[in-house]
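Structure, as structure tokens:
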Amino acid sequence: MHMKSRVLLLILPLLSTAAAAQDESARPKSSTCPRLAIAGFSPAEGTDARDTWLAVAVEEFLAERLRRVPGLITIPTVRLHQARAELQGPDKKPPSWERVVRGLGATWHVRGTCAGYADRLELTLALSPTSNPQSASEHTIGPDRFNAVLNAATTWLLTQLEALPPGDEQRDQLTKSPSTSLSAVEYYARGLSSLRVSDLRNAARYTSQAISSDGRLRPALALQARISTAARVYSDAQATYRMLAHEARRANDDLDRARAELGQALVAQVNGGFHAAHTRVETALQIADELHDPYVRIAAANTMADLYLTRKLPTTSGDRSPEQLQQQARDNLNAAVTWLNRLIDLLAEQHDQIGALPAINRLALVYERLGRYDDAIATHQRMLKLAEQLASRPHQATAWLYLGQCYRQQDRLDDAQRALQRCLALVGEEAEAGVRIVLGSLLLDADRPADARKELEAAYKKLRDGTDLPNQFACLRQLATARLESGDRAAAIQALQEALDIAVVLELAEAPAVREQLESWKAAN
């Protein structure tokens with residue numbers, strides 16, 4: 001099992017943490033509601049580089065407005081961009097937006113092209129049912145000022161979807177200008193674009209400028225809190241979430257109140273405040289029930305599962321016996337199972353297959369921790385089937401990897417080998433060495449040292465010139481055993497010496513055991 005934890009460091013990037021990273025959560029069963037994906041907005045060809053931010057701003061603020069329309073389900077843009085990254089294969093080529101929006105369960109897709117500049121913006125919209133992408137309705141707005149174009153786009157889309165609020169007050173609220181400062185909107189869009197490519201430095205800089213221009217721009221506050229969380233500056237994240245909560249109450253905006261509650265729950269969780277975090281999530285769930293918003297419920301269920309999975313046992317046992325502490329740990333895992341099953345159900349209500357992939361995988365891993373290997377295998381197979389339907393090679397590879405690990409736990413070594421070989425055929429080059437280490441370790445268990453050596457030699461060939469010292473150590477230690485068992489003692493000692501050198505550099509706890517093993521091998525030489 002020790003080897004398994006090291007290898008998964010390399011393999012787990014195949015999976016997305018989207019469920020953990022989702023910004024919000026889910027509605028009651030409302031499959032008749034239009035499910036809208038606003039994605040794929042782009043600047044027109046020849047647009048000045050200084051004006052490309054407009055496409056991001058229009059896309060984002062349209063989605064923010066439509067999220068607040070009763071009877072319409074709008075997928076958060078953060079979820080759309082996460083899902084696109086999740087479906088990206090080893091070639092790093094992003095999948096089409098059509099494939100992404102179908103995988104997220106959208107029934108309608110909105111695309112757009114922006115030309116011109118903020119005071120003379122022209123927007124061409126395309127609205128199409130995902131069941132028939134070719135039958136798009138197109139509409140051109142402008143040239144006009146940014147806010148006027150955004151308002152006209154909002155009205156046209158809601159009219160087309162037959163979701164235009166009947167009351168003047170609701171319409172006025174929907175078409176309210178995002179900010180008193182267009183500079184704040186621009187900086188916000190630039191910050192969001194930077195975060196999408198993991199440029200935290202520029203994301204923080206632009207978002208700070210947005211808030212300096214308009215301290216009440218709630219999307220910018222939410223973005224700044226996300227950036228602080230990504231940078232693990234949790235005190236800043238907490239302060240910004242409090243600002244967001246204050247502005248949300250002032251504006252009577254329940255959706256942003258829920259965002260702030262979930263954000264503060266995350267900070268409390270990181271700081272070890274289980275009960276405080278639990279209360280925050282419960283509040284977010286209450287708001288979600290009032291709003292009938294699905295993407296708040298999904299995030300809340302996901303956060304609840306995380307809370308129980310990361311809940312720490314008391315550092316001192318007090319009056320509790322070891323058996324009672326062990327039972328408490330199992331109770332936490334069983335609570336996580338309950339919330340993960342609820343999360344999967346909520347995703348299914350939205351026909352969100354992409355989000356279900358990591359959720360199902362996490363459920364299977366919790367079953368493993370509970371020792372419920374039959375349930376774990378069935379759940380990994382469920383993930384595999386869904387990954388095949390979505391043609392997601394990374395998720396198929398991950399499912400085969402975990403199936404191999406489960407089969408190994410049950411001493412089904414032939415099944416485990418076949419699963420790992422299927423994984424190896426699917427992974428990208430950056431993960432190949434990790435899979436070969438697992439496969440080599442398995443072959444050692446099966447008393448096939450020559451075959452194990454072949455896999456481990458191939459793994460080390462890929463690792464030796466890189467900087468991944470932990471996996472180099474794991475590989476070399478297994479390789480030393482494979483060489484020894486295949487009769488090459490001198491090569492085995494060389495590999496174990498290299499493993500010891502790495503263990504010393506990394507100050508690994510295993511270093512004394514490796515040194516003792518090396519001395520024993522040398523003495524027997």
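Note on naming: chains are A, B, ... as they come in the structure tokens, residues start from 1 per chain, ligands start from 1 in the order shown.
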
- [ ] Compile the contact shell of A:Pro95 as a PyMOL selection string: residues with an atom at most 12 Å away, counting only C-alpha atoms, same-chain residues fewer than 4 positions apart removed.
- [x] chain A and resi 40+80-91+99-103+390-392

Task: Non-local contacts of stretch 377-380 of chain A (10 Å; only C-alpha atoms; under 5 positions in same chain excluded) as a PyMOL selection string - done: chain A and resi 357+360-365+367-368+372+385-386+396+398-407

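Across the structure, atom CA of A:Ala136 and atom CA of A:Val69 are spaced 22.1 Å apart.
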
TODO: Would you please give, as a count of residues only, all residues of stretch 68-304 of chain A that DSSP assigns to alpha helix (DSSP H) based on the backbone?
DONE: 144

TODO: For atom CA of A:Ala336 and atom CA of A:Val427, determine how far apart the two atoms are, in Å to one decimal place.
DONE: 29.2 Å

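The two atoms in question, atom CA of A:Glu510 and atom CA of A:Arg412, are spaced 28.4 Å apart.
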
- [ ] Excluding A:Asp144 and residues on its chain fewer than 6 positions from it, collect all residues at most 10 Å away from it, counting only C-alpha atoms, and give them as a ChimeraX atom specification.
- [x] /A:116-123,150,152

Contacts of A:Ala335 at 9 Å or less, counting only C-alpha atoms, minus same-chain residues fewer than 5 places along, as a PDB file with N, CA and C atoms, in the first residue's frame?
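Output file result-v5.pdb follows:
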ATOM      1  N   MET A 304     -19.777  18.956   1.855  1.00  0.00           N
ATOM      2  CA  MET A 304     -20.110  18.105   2.993  1.00  0.00           C
ATOM      3  C   MET A 304     -19.307  16.803   2.948  1.00  0.00           C
ATOM      4  N   ALA A 305     -19.211  16.194   1.776  1.00  0.00           N
ATOM      5  CA  ALA A 305     -18.418  14.968   1.654  1.00  0.00           C
ATOM      6  C   ALA A 305     -16.968  15.229   2.037  1.00  0.00           C
ATOM      7  N   TYR A 308     -16.395  15.461   5.889  1.00  0.00           N
ATOM      8  CA  TYR A 308     -16.307  14.196   6.605  1.00  0.00           C
ATOM      9  C   TYR A 308     -15.042  13.418   6.241  1.00  0.00           C
ATOM     10  N   LEU A 309     -14.578  13.570   5.009  1.00  0.00           N
ATOM     11  CA  LEU A 309     -13.361  12.865   4.602  1.00  0.00           C
ATOM     12  C   LEU A 309     -12.107  13.450   5.245  1.00  0.00           C
ATOM     13  N   ARG A 330     -14.821   5.324  10.903  1.00  0.00           N
ATOM     14  CA  ARG A 330     -15.723   4.655   9.960  1.00  0.00           C
ATOM     15  C   ARG A 330     -17.023   5.438   9.798  1.00  0.00           C
ATOM     16  N   LEU A 340     -21.713  11.691  -0.939  1.00  0.00           N
ATOM     17  CA  LEU A 340     -21.256  11.462  -2.312  1.00  0.00           C
ATOM     18  C   LEU A 340     -22.365  10.845  -3.154  1.00  0.00           C
TER      19      LEU A 340
END

Task: A:Leu463 environment, 12 Å, only C-alpha atoms, sequence neighbours closer than 2 positions dropped, as a ChimeraX atom specification - done: /A:10,429-434,436-437,456-461,465-476
